[in-house]
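Asker: Quick one, work.tsv (TSV, C-alpha atoms):
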```
chain	number	residue	atom	x	y	z
D	473	MET	CA	8.73	-26.99	10.12
D	474	SER	CA	12.44	-27.63	10.40
D	475	LYS	CA	13.70	-31.15	11.17
D	476	SER	CA	16.27	-29.60	13.50
D	477	LEU	CA	13.60	-28.31	15.85
D	478	ARG	CA	12.71	-30.20	18.99
D	479	LEU	CA	9.36	-32.02	18.91
D	480	SER	CA	7.85	-29.78	21.59
D	481	GLU	CA	9.17	-26.72	19.78
D	482	LYS	CA	7.48	-27.86	16.57
D	483	TRP	CA	4.14	-28.23	18.32
D	484	PHE	CA	4.58	-24.91	20.09
D	485	ARG	CA	5.25	-23.21	16.75
D	486	PHE	CA	2.21	-24.92	15.25
D	487	GLY	CA	0.11	-23.69	18.17
D	488	LEU	CA	1.45	-20.17	17.75
D	489	TRP	CA	0.43	-20.20	14.08
D	490	ILE	CA	-3.05	-21.19	15.24
D	491	VAL	CA	-2.95	-18.23	17.63
D	492	ALA	CA	-1.97	-15.98	14.70
D	493	VAL	CA	-4.89	-17.25	12.59
D	494	VAL	CA	-7.41	-16.95	15.44
D	495	PHE	CA	-6.16	-13.45	16.27
D	496	ALA	CA	-6.54	-12.49	12.61
D	497	GLY	CA	-10.06	-13.96	12.59
D	498	PHE	CA	-11.21	-11.83	15.51
D	499	LEU	CA	-9.59	-8.73	14.02
D	500	ILE	CA	-11.32	-9.44	10.69
D	501	GLY	CA	-14.69	-9.80	12.44
D	502	LEU	CA	-14.19	-6.52	14.29
D	503	GLY	CA	-12.97	-4.75	11.15
D	504	SER	CA	-15.94	-6.07	9.16
D	505	ASN	CA	-18.40	-4.57	11.64
D	506	VAL	CA	-16.57	-1.24	11.63
D	507	VAL	CA	-16.45	-1.11	7.81
D	508	GLN	CA	-20.14	-2.00	7.48
D	509	ASN	CA	-21.25	0.59	10.04
D	510	LEU	CA	-19.22	3.48	8.67
D	511	PRO	CA	-22.16	4.78	6.51
D	512	GLN	CA	-23.99	5.56	9.75
D	513	VAL	CA	-21.77	8.60	10.23
D	514	GLU	CA	-23.53	10.15	7.22
D	515	HIS	CA	-27.09	11.49	7.04
D	516	HIS	CA	-29.52	9.21	5.21
D	517	TYR	CA	-30.85	11.34	2.37
D	518	SER	CA	-34.21	10.89	0.66
D	519	MET	CA	-36.13	12.69	-2.08
D	520	SER	CA	-37.88	14.86	0.49
D	521	ASP	CA	-34.53	16.49	1.35
D	522	PHE	CA	-34.17	17.93	-2.16
D	523	ILE	CA	-37.70	18.52	-3.48
D	524	ASP	CA	-39.28	22.02	-3.41
D	525	LYS	CA	-41.57	21.37	-0.45
D	526	ASN	CA	-43.88	24.37	-1.00
D	527	ALA	CA	-44.38	23.66	-4.71
D	528	ALA	CA	-44.78	19.94	-4.04
D	529	ALA	CA	-47.35	20.64	-1.31
D	530	GLN	CA	-49.30	22.88	-3.65
D	531	ALA	CA	-49.20	20.26	-6.40
D	532	ASP	CA	-50.30	17.53	-3.96
D	533	LEU	CA	-53.15	19.74	-2.75
D	534	ALA	CA	-54.21	20.49	-6.33
D	535	ILE	CA	-54.18	16.76	-7.18
D	536	LYS	CA	-56.19	15.90	-4.07
D	537	THR	CA	-58.68	18.71	-4.73
D	538	SER	CA	-59.07	17.64	-8.36
D	539	ARG	CA	-59.70	14.05	-7.32
D	540	ASP	CA	-62.31	15.13	-4.78
D	541	GLN	CA	-63.99	17.42	-7.30
D	542	ARG	CA	-63.94	14.74	-9.95
D	543	LYS	CA	-65.53	12.26	-7.58
D	544	ILE	CA	-68.33	14.71	-6.78
D	545	ASN	CA	-68.69	15.64	-10.44
D	546	ASP	CA	-68.80	11.96	-11.46
D	547	ASP	CA	-71.65	11.38	-9.02
D	548	ASN	CA	-73.51	14.42	-10.39
D	549	LEU	CA	-72.83	13.32	-13.95
D	550	ASP	CA	-74.10	9.85	-13.23
D	551	GLN	CA	-77.30	11.33	-11.78
D	552	ALA	CA	-77.69	13.76	-14.70
D	553	GLU	CA	-77.22	10.95	-17.21
D	554	ARG	CA	-79.98	8.94	-15.50
D	555	GLN	CA	-82.24	11.98	-15.57
D	556	TYR	CA	-81.47	12.51	-19.24
D	557	GLU	CA	-82.21	8.89	-20.08
D	558	SER	CA	-85.48	9.14	-18.16
D	559	ALA	CA	-86.44	12.42	-19.89
D	560	LYS	CA	-85.46	10.96	-23.24
D	561	ALA	CA	-87.60	7.90	-22.63
D	562	ASP	CA	-90.60	10.03	-21.54
D	563	SER	CA	-90.20	12.24	-24.60
D	564	GLN	CA	-90.01	9.24	-26.90
D	565	THR	CA	-93.07	7.67	-25.33
D	566	ALA	CA	-95.03	10.90	-25.62
D	567	ARG	CA	-93.94	11.31	-29.24
D	568	ASP	CA	-95.06	7.81	-30.10
D	569	SER	CA	-98.38	8.41	-28.33
D	570	PHE	CA	-98.83	11.73	-30.11
D	571	THR	CA	-98.09	10.12	-33.49
D	572	SER	CA	-100.75	7.46	-32.86
D	573	TRP	CA	-103.24	10.04	-31.69
D	574	ILE	CA	-102.64	12.19	-34.83
D	575	ALA	CA	-103.32	9.19	-37.02
D	576	THR	CA	-106.61	8.61	-35.19
D	577	ARG	CA	-107.65	12.26	-35.44
D	578	ARG	CA	-107.08	12.31	-39.19
D	579	ALA	CA	-109.33	9.35	-39.52
D	580	THR	CA	-112.17	10.96	-37.55
D	581	ALA	CA	-111.54	14.63	-38.48
D	582	LEU	CA	-113.48	15.86	-35.45
D	583	ALA	CA	-113.21	19.61	-34.79
D	584	SER	CA	-113.84	19.01	-31.09
D	585	GLN	CA	-110.37	17.45	-30.78
D	586	ASP	CA	-108.50	20.68	-31.74
D	587	SER	CA	-108.09	21.78	-28.12
D	588	ASP	CA	-106.82	18.32	-27.22
D	589	LEU	CA	-104.32	18.55	-30.08
D	590	ILE	CA	-102.99	21.82	-28.72
D	591	ALA	CA	-102.65	20.38	-25.18
D	592	ARG	CA	-100.85	17.28	-26.41
D	593	ASN	CA	-98.49	19.35	-28.53
D	594	GLN	CA	-97.68	21.58	-25.55
D	595	GLN	CA	-97.05	18.52	-23.38
D	596	LEU	CA	-94.73	17.09	-26.03
D	597	ASP	CA	-92.83	20.39	-26.25
D	598	LYS	CA	-92.45	20.42	-22.49
D	599	LEU	CA	-90.97	16.92	-22.48
D	600	LYS	CA	-88.59	17.86	-25.32
D	601	ASN	CA	-87.50	20.90	-23.34
D	602	THR	CA	-86.85	18.72	-20.32
D	603	GLU	CA	-84.85	16.31	-22.46
D	604	ARG	CA	-82.77	19.13	-23.90
D	605	SER	CA	-82.26	20.63	-20.42
D	606	THR	CA	-81.00	17.36	-18.93
D	607	LEU	CA	-78.76	16.78	-21.99
D	608	ALA	CA	-77.28	20.25	-21.54
D	609	GLN	CA	-76.64	19.47	-17.89
D	610	VAL	CA	-74.90	16.20	-18.85
D	611	GLN	CA	-72.74	18.00	-21.38
D	612	GLN	CA	-71.90	20.71	-18.87
D	613	LEU	CA	-70.85	18.15	-16.28
D	614	GLN	CA	-68.78	16.27	-18.89
D	615	GLU	CA	-67.01	19.49	-19.83
D	616	LYS	CA	-66.39	20.20	-16.17
D	617	ASN	CA	-64.96	16.69	-15.83
D	618	ARG	CA	-62.53	17.32	-18.67
D	619	SER	CA	-61.50	20.59	-17.07
D	620	ILE	CA	-60.90	18.90	-13.72
D	621	MET	CA	-58.88	16.11	-15.40
D	622	GLN	CA	-56.78	18.71	-17.19
D	623	GLU	CA	-56.07	20.50	-13.92
D	624	GLN	CA	-55.16	17.18	-12.28
D	625	GLN	CA	-52.84	16.25	-15.15
D	626	ASN	CA	-51.15	19.65	-14.93
D	627	ALA	CA	-50.62	19.23	-11.19
D	628	GLU	CA	-49.31	15.67	-11.65
D	629	THR	CA	-46.93	16.85	-14.38
D	630	GLN	CA	-45.67	19.62	-12.12
D	631	LEU	CA	-45.18	17.18	-9.24
D	632	SER	CA	-43.42	14.69	-11.53
D	633	GLN	CA	-41.05	17.40	-12.72
D	634	LEU	CA	-40.31	18.38	-9.12
D	635	GLN	CA	-39.61	14.71	-8.28
D	636	LYS	CA	-37.29	14.30	-11.29
D	637	THR	CA	-35.34	17.38	-10.27
D	638	ALA	CA	-35.14	16.06	-6.70
D	639	ASP	CA	-34.04	12.64	-7.99
D	640	VAL	CA	-31.16	14.19	-9.90
D	641	ALA	CA	-30.06	16.14	-6.84
D	642	LEU	CA	-30.49	13.04	-4.64
D	643	GLU	CA	-28.37	10.87	-6.95
D	644	ALA	CA	-25.66	13.53	-7.08
D	645	GLU	CA	-25.60	13.79	-3.29
D	646	GLN	CA	-25.61	10.00	-2.89
D	647	ARG	CA	-22.60	9.75	-5.22
D	648	LYS	CA	-20.80	12.33	-3.10
D	649	GLN	CA	-21.83	10.47	0.04
D	650	ASP	CA	-20.66	7.13	-1.38
D	651	LEU	CA	-17.33	8.73	-2.20
D	652	ARG	CA	-17.01	10.16	1.30
D	653	VAL	CA	-17.88	6.81	2.92
D	654	PHE	CA	-15.44	5.03	0.61
D	655	LEU	CA	-12.73	7.52	1.60
D	656	TYR	CA	-13.57	6.85	5.26
D	657	ARG	CA	-13.12	3.14	4.67
D	658	LEU	CA	-9.97	3.72	2.65
D	659	ALA	CA	-8.57	6.01	5.35
D	660	LEU	CA	-9.25	3.22	7.86
D	661	THR	CA	-7.88	0.28	5.86
D	662	LEU	CA	-4.93	1.82	4.03
D	663	PRO	CA	-2.99	2.72	7.22
D	664	LEU	CA	-3.49	-0.89	8.33
D	665	LEU	CA	-1.44	-1.99	5.32
D	666	VAL	CA	1.28	0.52	6.19
D	667	VAL	CA	1.40	-0.66	9.81
D	668	ALA	CA	1.35	-4.30	8.66
D	669	GLY	CA	4.27	-3.63	6.31
D	670	TRP	CA	6.27	-2.01	9.10
D	671	LEU	CA	5.50	-4.87	11.51
D	672	LEU	CA	6.39	-7.44	8.87
D	673	LYS	CA	9.73	-5.74	8.22
D	674	LYS	CA	10.71	-4.98	11.82
D	675	LYS	CA	8.86	-7.38	14.12
D	676	ARG	CA	8.20	-10.62	12.23
D	677	LYS	CA	11.02	-12.38	14.13
D	678	SER	CA	10.24	-10.86	17.51
D	679	THR	CA	8.92	-12.75	20.53
D	680	TYR	CA	5.34	-11.81	19.69
D	681	TRP	CA	5.51	-12.78	16.00
D	682	PRO	CA	2.09	-14.62	16.04
D	683	PHE	CA	0.33	-11.31	16.69
D	684	VAL	CA	2.42	-9.64	13.98
D	685	TRP	CA	1.38	-12.23	11.40
D	686	GLY	CA	-2.22	-12.16	12.65
D	687	PHE	CA	-2.32	-8.39	12.13
D	688	VAL	CA	-0.74	-8.77	8.68
D	689	PHE	CA	-3.39	-11.34	7.65
D	690	PHE	CA	-6.11	-9.06	8.99
D	691	SER	CA	-4.90	-5.92	7.20
D	692	VAL	CA	-4.44	-7.69	3.85
D	693	PHE	CA	-7.85	-9.36	4.07
D	694	THR	CA	-9.57	-6.12	5.12
D	695	PHE	CA	-8.12	-4.07	2.27
D	696	PHE	CA	-8.26	-6.55	-0.61
D	697	VAL	CA	-11.40	-8.54	0.38
D	698	GLU	CA	-13.51	-6.64	2.94
D	699	LEU	CA	-13.29	-3.35	1.05
D	700	VAL	CA	-14.34	-4.85	-2.31
D	701	PRO	CA	-18.17	-4.79	-1.85
D	702	TYR	CA	-18.05	-1.08	-1.03
D	703	LEU	CA	-15.88	0.04	-3.92
D	704	PRO	CA	-17.53	2.63	-6.20
D	705	SER	CA	-17.37	2.19	-9.96
D	706	TYR	CA	-13.85	3.61	-10.00
D	707	GLY	CA	-12.82	1.99	-6.73
D	708	GLY	CA	-11.14	-0.89	-8.52
D	709	TYR	CA	-8.50	1.54	-9.71
D	710	VAL	CA	-7.69	2.29	-6.08
D	711	ARG	CA	-7.41	-1.38	-5.12
D	712	TYR	CA	-5.34	-2.34	-8.14
D	713	GLY	CA	-3.29	0.85	-7.83
D	714	VAL	CA	-2.43	0.09	-4.21
D	715	GLY	CA	-1.70	-3.51	-5.18
D	716	ILE	CA	0.71	-2.34	-7.87
D	717	ILE	CA	2.44	0.05	-5.46
D	718	ILE	CA	2.78	-2.65	-2.80
D	719	THR	CA	4.07	-5.13	-5.39
D	720	VAL	CA	6.64	-2.65	-6.68
D	721	LEU	CA	7.81	-1.80	-3.16
D	722	VAL	CA	7.99	-5.43	-2.09
D	723	GLY	CA	9.67	-6.42	-5.36
D	724	ARG	CA	12.19	-3.61	-5.06
D	725	GLN	CA	12.98	-4.60	-1.48
D	726	ALA	CA	13.29	-8.24	-2.55
D	727	ILE	CA	15.74	-7.31	-5.32
D	728	ILE	CA	17.80	-5.17	-2.93
D	729	SER	CA	17.77	-7.93	-0.32
D	730	LEU	CA	18.77	-10.54	-2.89
D	731	ASN	CA	21.71	-8.47	-4.14
D	732	ALA	CA	22.80	-7.78	-0.56
D	733	TYR	CA	22.51	-11.47	0.25
D	734	LEU	CA	24.59	-12.49	-2.78
D	735	GLU	CA	27.22	-9.91	-1.83
D	736	ARG	CA	27.34	-11.25	1.74
D	737	GLN	CA	27.64	-14.78	0.42
D	738	LYS	CA	30.56	-13.82	-1.81
D	739	LEU	CA	32.35	-12.21	1.13
D	740	ALA	CA	31.51	-15.14	3.42
D	741	GLU	CA	32.86	-17.70	0.94
D	742	GLN	CA	36.23	-15.92	1.04
D	743	LEU	CA	36.54	-16.41	4.82
D	744	PRO	CA	38.45	-19.35	6.32
D	745	ASN	CA	36.51	-22.58	6.73
D	746	GLN	CA	36.59	-22.57	10.54
D	747	GLN	CA	35.38	-18.98	10.80
D	748	ARG	CA	32.50	-19.63	8.44
D	749	ARG	CA	31.48	-22.70	10.47
D	750	GLU	CA	31.54	-20.73	13.72
D	751	GLU	CA	29.37	-17.95	12.27
D	752	LEU	CA	26.70	-20.40	11.12
D	753	SER	CA	23.80	-20.98	13.52
D	754	TYR	CA	23.37	-24.57	14.64
D	755	ASP	CA	19.67	-24.68	13.73
D	756	VAL	CA	20.26	-22.92	10.41
D	757	ALA	CA	23.01	-25.38	9.46
D	758	LEU	CA	20.88	-28.43	10.28
D	759	THR	CA	17.85	-26.95	8.49
D	760	ARG	CA	19.85	-26.40	5.30
D	761	LEU	CA	21.42	-29.86	5.47
D	762	ALA	CA	17.94	-31.33	5.87
D	763	LYS	CA	17.04	-29.62	2.59
D	764	GLN	CA	20.05	-31.21	0.86
D	765	VAL	CA	21.85	-27.89	0.43
D	766	CYS	CA	25.19	-26.60	1.64
D	767	PRO	CA	24.89	-24.64	4.92
D	768	GLY	CA	27.50	-22.18	3.70
D	769	CYS	CA	26.49	-21.30	0.12
D	770	GLU	CA	23.02	-22.92	0.02
D	771	ARG	CA	23.73	-24.72	-3.24
D	772	GLU	CA	22.62	-28.32	-3.77
D	773	VAL	CA	25.03	-31.04	-2.68
D	774	ASP	CA	24.80	-34.83	-2.69
D	775	LEU	CA	24.88	-35.55	1.02
D	776	LYS	CA	24.20	-39.26	0.46
D	777	ASN	CA	27.56	-39.72	-1.27
D	778	PRO	CA	30.04	-40.79	1.46
D	779	ALA	CA	32.88	-39.27	-0.55
D	780	ASN	CA	31.47	-35.73	-0.28
D	781	ASP	CA	32.98	-34.40	2.94
D	782	PHE	CA	33.32	-30.87	1.58
D	783	CYS	CA	31.07	-28.65	-0.53
D	784	GLN	CA	32.29	-28.64	-4.11
D	785	HIS	CA	31.00	-25.09	-4.52
D	786	CYS	CA	32.41	-23.18	-1.54
D	787	GLY	CA	34.73	-25.72	0.13
D	788	ILE	CA	33.12	-25.69	3.59
D	789	CYS	CA	33.42	-28.90	5.58
D	790	LEU	CA	30.19	-30.89	5.67
D	791	PHE	CA	31.31	-34.17	7.32
D	792	ASP	CA	34.24	-34.98	9.58
D	793	HIS	CA	35.24	-37.87	11.84
D	794	CYS	CA	34.74	-38.22	15.55
D	795	ARG	CA	37.98	-37.83	17.52
D	796	SER	CA	36.88	-40.60	19.85
D	797	CYS	CA	35.47	-43.33	17.61
D	798	ASN	CA	36.49	-42.08	14.16
D	799	THR	CA	32.89	-42.36	12.93
D	800	ARG	CA	31.99	-40.17	9.97
D	801	LYS	CA	29.50	-37.61	11.23
D	802	ASN	CA	27.85	-34.31	10.42
D	803	ALA	CA	30.47	-31.60	10.90
D	804	PHE	CA	27.91	-29.22	12.43
D	805	THR	CA	26.49	-31.50	15.13
D	806	LYS	CA	27.53	-30.90	18.72
D	807	PHE	CA	27.86	-34.53	19.65
D	808	CYS	CA	28.86	-37.74	17.85
D	809	HIS	CA	25.84	-39.80	16.96
D	810	SER	CA	27.83	-43.02	17.44
D	811	CYS	CA	29.63	-42.56	20.77
D	812	GLY	CA	28.15	-39.34	22.13
D	813	ALA	CA	31.48	-37.58	22.35
D	814	ASN	CA	31.41	-33.79	22.52
D	815	ALA	CA	32.40	-32.50	19.10
D	816	ALA	CA	33.80	-29.34	20.69
D	817	ASN	CA	36.61	-31.33	22.44
D	818	LYS	CA	38.79	-31.57	19.38
D	819	GLY	CA	41.67	-33.91	19.80
D	820	LEU	CA	40.58	-35.02	23.30
D	821	GLU	CA	39.37	-38.47	24.26
D	822	THR	CA	35.77	-38.46	25.43
D	823	THR	CA	34.20	-40.95	27.73
D	824	VAL	CA	31.34	-42.82	26.19
D	825	ILE	CA	28.29	-42.71	28.45
```
Starting from the file, give its structure as structure tokens.

Answerer:
Amino acid sequence: MSKSLRLSEKWFRFGLWIVAVVFAGFLIGLGSNVVQNLPQVEHHYSMSDFIDKNAAAQADLAIKTSRDQRKINDDNLDQAERQYESAKADSQTARDSFTSWIATRRATALASQDSDLIARNQQLDKLKNTERSTLAQVQQLQEKNRSIMQEQQNAETQLSQLQKTADVALEAEQRKQDLRVFLYRLALTLPLLVVAGWLLKKKRKSTYWPFVWGFVFFSVFTFFVELVPYLPSYGGYVRYGVGIIITVLVGRQAIISLNAYLERQKLAEQLPNQQRREELSYDVALTRLAKQVCPGCEREVDLKNPANDFCQHCGICLFDHCRSCNTRKNAFTKFCHSCGANAANKGLETTVI
């Protein structure tokens, strides 16, 4: 803050900067909510929006049917395997019994046991037939199981292929949607920069400058910070591209302004000393002197040297003497700091109050 400003004015300016920051903070909060909620304008896509529903339903039904059939078949197979084990055990027991009985018959060689031999042999054949029958049933159920599993695998493969196709379509649509949402955000934030640039150029010194600077802070933060998390993979090119364009425009304007300023300074330094002093603002002159630079040409001067009453660069008067008390004083002040005489009353005696 300038040393030439009144104390109250300094605090008022400080308070207005606080207003600018607070205003920017509320705008940033509002802008953040708007930017975050922009995707809600788009439909939320899922795989079900792109998959062939009829084919997927058929595949799901085939998988469910296969699972149900396999469960039933597994129960039947488990029962058939128990029956086979039981028939196998009965057949083995009968065979062992028949073998023992044959050994006994050979030892006795009784003809009366021939009918018994035939009955035992028939019983053994019957048990073997039962064993073979239950084994065939087990094998049939196992084959049916393999067939069911194959059908289930085919249905699962078909459904997986449908899901992969839907995934590809979903990803493509999501990329398009991300691009659209990003363009929405860009269309919202980019004009803010344009408006901020116009306000900064035209209104930064207006009465309502705190709101101008608050809006500028908000627009810059929204574009370069708030937009970053939502940039697509190529979004950085947009941000850096806009940054380059803004830098070029600002730099070009700065170069033009600098050349125009130097030209004005050259013309101003050719004017008479009194005219140059009258055209200088009181606050501007005191601000530049406080920075140890010449109010006229803004070059550095040694203001502490009592011999330097004029600028050695442009010749403008920096210090003169009071007409009332002859005290050396700042040539731009309105009153003498020693006697309080009005500096505007040149050559007139002034009453000291």

Asker: Taking into account only C-alpha atoms, which residue in the set D:Gly768, D:Ala559, D:Phe484, D:Val720 is nearest to Gln737 of chain D?

Answerer: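 Nearest candidate to Gln737 of chain D out of D:Gly768, D:Ala559, D:Phe484, D:Val720: D:Gly768.
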
Asker: So that I can check the surroundings of Thr799 of chain D, please list as a ChimeraX atom specification every protein, DNA and RNA residue that reaches within 9 Å of it, counting all atoms listed in the file and ignoring chain neighbours fewer than 6 positions away.

Answerer: /D:792-793,808-811

Asker: Taking all atoms listed in the file into account, name the residue in D:Ala591, D:Glu603, D:Phe486, D:Arg749 that is nearest to Glu557 of chain D.

Answerer: D:Glu603

Asker: Could you pull the residues within 8 Å of Tyr556 of chain D, counting all atoms listed in the file, minus those fewer than 2 positions along the same chain, as a PyMOL selection string?

Answerer: chain D and resi 552-554+558-560+603+606-607+610

Asker: If we count only C-alpha atoms and set the cut-off at 9 Å, which residues sit around Leu665 of chain D, ignoring sequence neighbours fewer than 3 positions away in its own chain? Please answer as JSON, numbers by chain.

Answerer: {"D": [661, 662, 668, 669, 670, 688, 691, 692, 695]}

Asker: Output the selection as a PDB file, keeping the file's coordinate frame - C-alpha atoms for each residue.

Answerer:
```pdb
ATOM      1  CA  THR D 661      -7.880   0.280   5.860  1.00  0.00           C
ATOM      2  CA  LEU D 662      -4.930   1.820   4.030  1.00  0.00           C
ATOM      3  CA  ALA D 668       1.350  -4.300   8.660  1.00  0.00           C
ATOM      4  CA  GLY D 669       4.270  -3.630   6.310  1.00  0.00           C
ATOM      5  CA  TRP D 670       6.270  -2.010   9.100  1.00  0.00           C
ATOM      6  CA  VAL D 688      -0.740  -8.770   8.680  1.00  0.00           C
ATOM      7  CA  SER D 691      -4.900  -5.920   7.200  1.00  0.00           C
ATOM      8  CA  VAL D 692      -4.440  -7.690   3.850  1.00  0.00           C
ATOM      9  CA  PHE D 695      -8.120  -4.070   2.270  1.00  0.00           C
TER      10      PHE D 695
END
```

Asker: Could you state the separation of atom CA of Ile490 of chain D and atom CA of Thr759 of chain D in Å, given to one decimal place?

Answerer: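 Atom CA of Thr759 of chain D lies 22.7 Å from atom CA of Ile490 of chain D.
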
Asker: Taking only C-alpha atoms into account, name the residue in D:Phe804, D:Ala627, D:Thr679, D:Tyr712 that is nearest to Val756 of chain D.

Answerer: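 Selected residue with least distance to Val756 of chain D: D:Phe804.
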
Asker: Could you give me, as a list in words, the residues that sit within 9 Å of (-36.7, 20.3, -4.4) in the file's coordinates, counting only C-alpha atoms?

Answerer: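 Taken together, the residues in range are Met519, Ser520, Asp521, Phe522, Ile523, Asp524, Lys525, Asn526, Ala527, Ala528, Leu634, Gln635, Thr637, Ala638, Asp639 and Ala641 of chain D.
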
Asker: Could you take the residues named above and write them with C-alpha atoms, as a CSV table (one decimal), in the frame of the given file?

Answerer:
```
chain,number,residue,atom,x,y,z
D,519,MET,CA,-36.1,12.7,-2.1
D,520,SER,CA,-37.9,14.9,0.5
D,521,ASP,CA,-34.5,16.5,1.4
D,522,PHE,CA,-34.2,17.9,-2.2
D,523,ILE,CA,-37.7,18.5,-3.5
D,524,ASP,CA,-39.3,22.0,-3.4
D,525,LYS,CA,-41.6,21.4,-0.4
D,526,ASN,CA,-43.9,24.4,-1.0
D,527,ALA,CA,-44.4,23.7,-4.7
D,528,ALA,CA,-44.8,19.9,-4.0
D,634,LEU,CA,-40.3,18.4,-9.1
D,635,GLN,CA,-39.6,14.7,-8.3
D,637,THR,CA,-35.3,17.4,-10.3
D,638,ALA,CA,-35.1,16.1,-6.7
D,639,ASP,CA,-34.0,12.6,-8.0
D,641,ALA,CA,-30.1,16.1,-6.8
```

Asker: Of the residues D:Gln742, D:Asn593, D:Gln508, D:Ser518, which is the one nearest to Leu699 of chain D, using all atoms listed in the file?

Answerer: D:Gln508

Asker: Rounded to one decimal in Å, what is the spacing between atom CA of Gln746 of chain D and atom CA of Ala803 of chain D?

Answerer: 10.9 Å

Asker: Please, what distance in Å, to one decimal, runs between atom CA of Phe807 of chain D and atom CA of Asp755 of chain D?

Answerer: 14.1 Å
